[in-house]
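Everything below concerns the one structure shown next.
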Amino acid sequence: MTERLVVVGGDAAGMSAASQAKRLAPDLEIIAFERGDYVSYSACGEPYVMGGEVAEVDDLVARTPAEFAARDISVHLRSEVMEIDLDRRTILVDSAGDRSEIGFDYLMYSTGARPLRPPSVAGAEKALGLRWLNDADHLRELVDRGTRKAVVVGGGYIGLEVAEAFAHRGRNVTLVTSGEHVLTRTLDPDMGSLADAAVRRLGIELVTGVYIDTIEEHEAHGGGHDFLGDVVVIGLGTSPESELARQAGIETGVTGAVAVNSFQETNQPGVWSGGDCAEATHRVSGRQVNMALGTVANKTGRVAGTNIGNTAVGDSERETFPGVLGTAITKVGEVEIARTGLLTGESVIYGYEPAVGTVTGTNTAGYWPTATRVDVRLIADHISRRVLGGQIVGGPGSGKKIDVIATAIWAQMSIDELAWVDLAYAPPFSSVWDLIHIAARRAAGRQLS
Ligand SMILES: Cc1cc2nc3c(=O)[nH]c(=O)nc-3n(C[C@H](O)[C@H](O)[C@H](O)COP(=O)(O)OP(=O)(O)OC[C@H]3O[C@@H](n4cnc5c(N)ncnc54)[C@H](O)[C@@H]3O)c2cc1C
């Protein structure tokens, strides 16, 4: 009899798993349920629909249900999975009020993450945010219809990208964050102050150290301040959508996300998970983390799909997901911001003795007409000499250099080796000693007191 894979949640992790399982097990019946209006879409592109760089949300859809159907993968939109019964191996689906029970042999749990709406912020539940493609459309429409002033609450990367999009469209923006700087979970504080400067250079009014406790349609209040705008948008981070799994008896971990082994399998046989709703192992700290990143979702989905496909055809070979470094990149205007591995403070928490090297230079040879400032930070462990982390804030072309640092961490390279890696040079691209070389040399020579 044909076996069936049911996918709960049809975006990066779920549809990567579905596609990969189908490649390896063409006879496997695959049905994906998605409660929203789209599958296989890029939330990462939403700020750029809002800002007008990308013409429309449909451009962010990698594959439509019809394209999946052509690959013999059946997709049901506006269909929410309400319950998972692991004893009977069925799910309960609600499609516009019609409820039905569907059986499964394998289950891919890929429900993603939901925007945080802290109960300590009155009105947060009803506030606008940027999570779904429909949000991007709605916010762009507001700008088109004449929004002049926006208040953005939250200094993480989504808050920054929303604020940038409003500024890009020529609107007045106030960005309010409770942190001392923006991107407090992405950068060390002094590197964060460089990001603050980039925000202010865009003409955005940045207010730090203010916790917003009340949000209304046109106002945000906190710390004795009132912020008024035509629109208030919040971006306060995300939390994993793991409740449905927990109710079914699928184990969650310390982060609250679904616990998986390195094959992306949960504690329940035949039930896999990946993406924003699942945990992953951090390759430096060794801890379980919940990284809400598209890169991780695509990879963990693919690993799950390989293992589901192999299981379905009776192949005992298993693919393992090797873990994450938290490598991420964004931009504020022309300034690129990237990080990988551990921040300085995190490396202390995890028992390392950080040796830190920081350098300020330019993204090209200093004499090149378009040279702009770049700051690079490298963090190494003083004892083992292993590279632990890196951060970059700087002009065009500098941010993706974080990949060199990520590769060094991944390969467990020492800071002394990184200082001599053969990196490319010509005046339009870098200085002859790359800034990564110089930061590595500084970190390598750092004496701990
Ligand atoms: C504005 C924005 C910008 C971003 N930018 C970047 C970036 O630049 N780089 C990067 O790496 N990452 C970025 N991300 C994060 C990235 O989009 C996510 O990590 C990625 O989408 C996670 O994929 P996923 O499949 O795990 O979950 P999701 O994309 O959240 O998909 C899960 C799906 O499951 C559905 N679902 C949930 N519960 C049910 C249910 N019970 N029944 C049926 N369906 C259900 C949801 O509707 C959703 O469509 C960004 C995110 C946002 C919001």
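Every chain in the structure tokens has a letter given in the order shown (A, B, ...), and although residue numbers restart at 1 in each chain, ligands are simply numbered from 1 in the order shown.
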Could you find all residues in segment 148-307 of chain A that DSSP calls alpha helix (DSSP H) from the backbone, and write them as a VMD selection string?
chain A and resid 157 to 168 189 to 201 243 to 248 294 to 307
Got a sec to check which residues lie within 8 Å of ligand 1, using only C-alpha atoms and all ligand atoms, and send them as an NGL selection string?
:A and (8-15 or 33-36 or 38-47 or 78-83 or 93 or 110-114 or 130-132 or 157-158 or 161-162 or 241 or 244 or 274-278 or 291-298 or 301 or 328-330)
When you draw a straight line from atom CA of His181 of chain A to atom CA of Arg140 of chain A, how long is it in Å?
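Taking atom CA of His181 of chain A as the start and atom CA of Arg140 of chain A as the end point, the length is 27.0 Å.
Rounded to one decimal, atom CA of Leu128 of chain A and atom CA of Leu60 of chain A lie 20.4 Å from each other.
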Strand (DSSP E or B) call set, DSSP backbone run, segment 105-342 of chain A, as a PyMOL selection string
chain A and resi 106-109+113-115+122+128+149-153+172-176+205-207+214-215+219-222+225-228+231-234+238-240+252+258+265+271-273+278+280-282+288-289+324+328-332+335-341
Using only C-alpha atoms: which of A:Glu164, A:Asp375, A:Glu3, A:Glu56 has the shortest distance to Gly361 of chain A:
A:Asp375
Of the residues A:Gly235, A:Gly222, A:Gly390, A:Gly146, which is the one nearest to Ala355 of chain A, using only C-alpha atoms?
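For Ala355 of chain A, the nearest of the given residues is A:Gly390.
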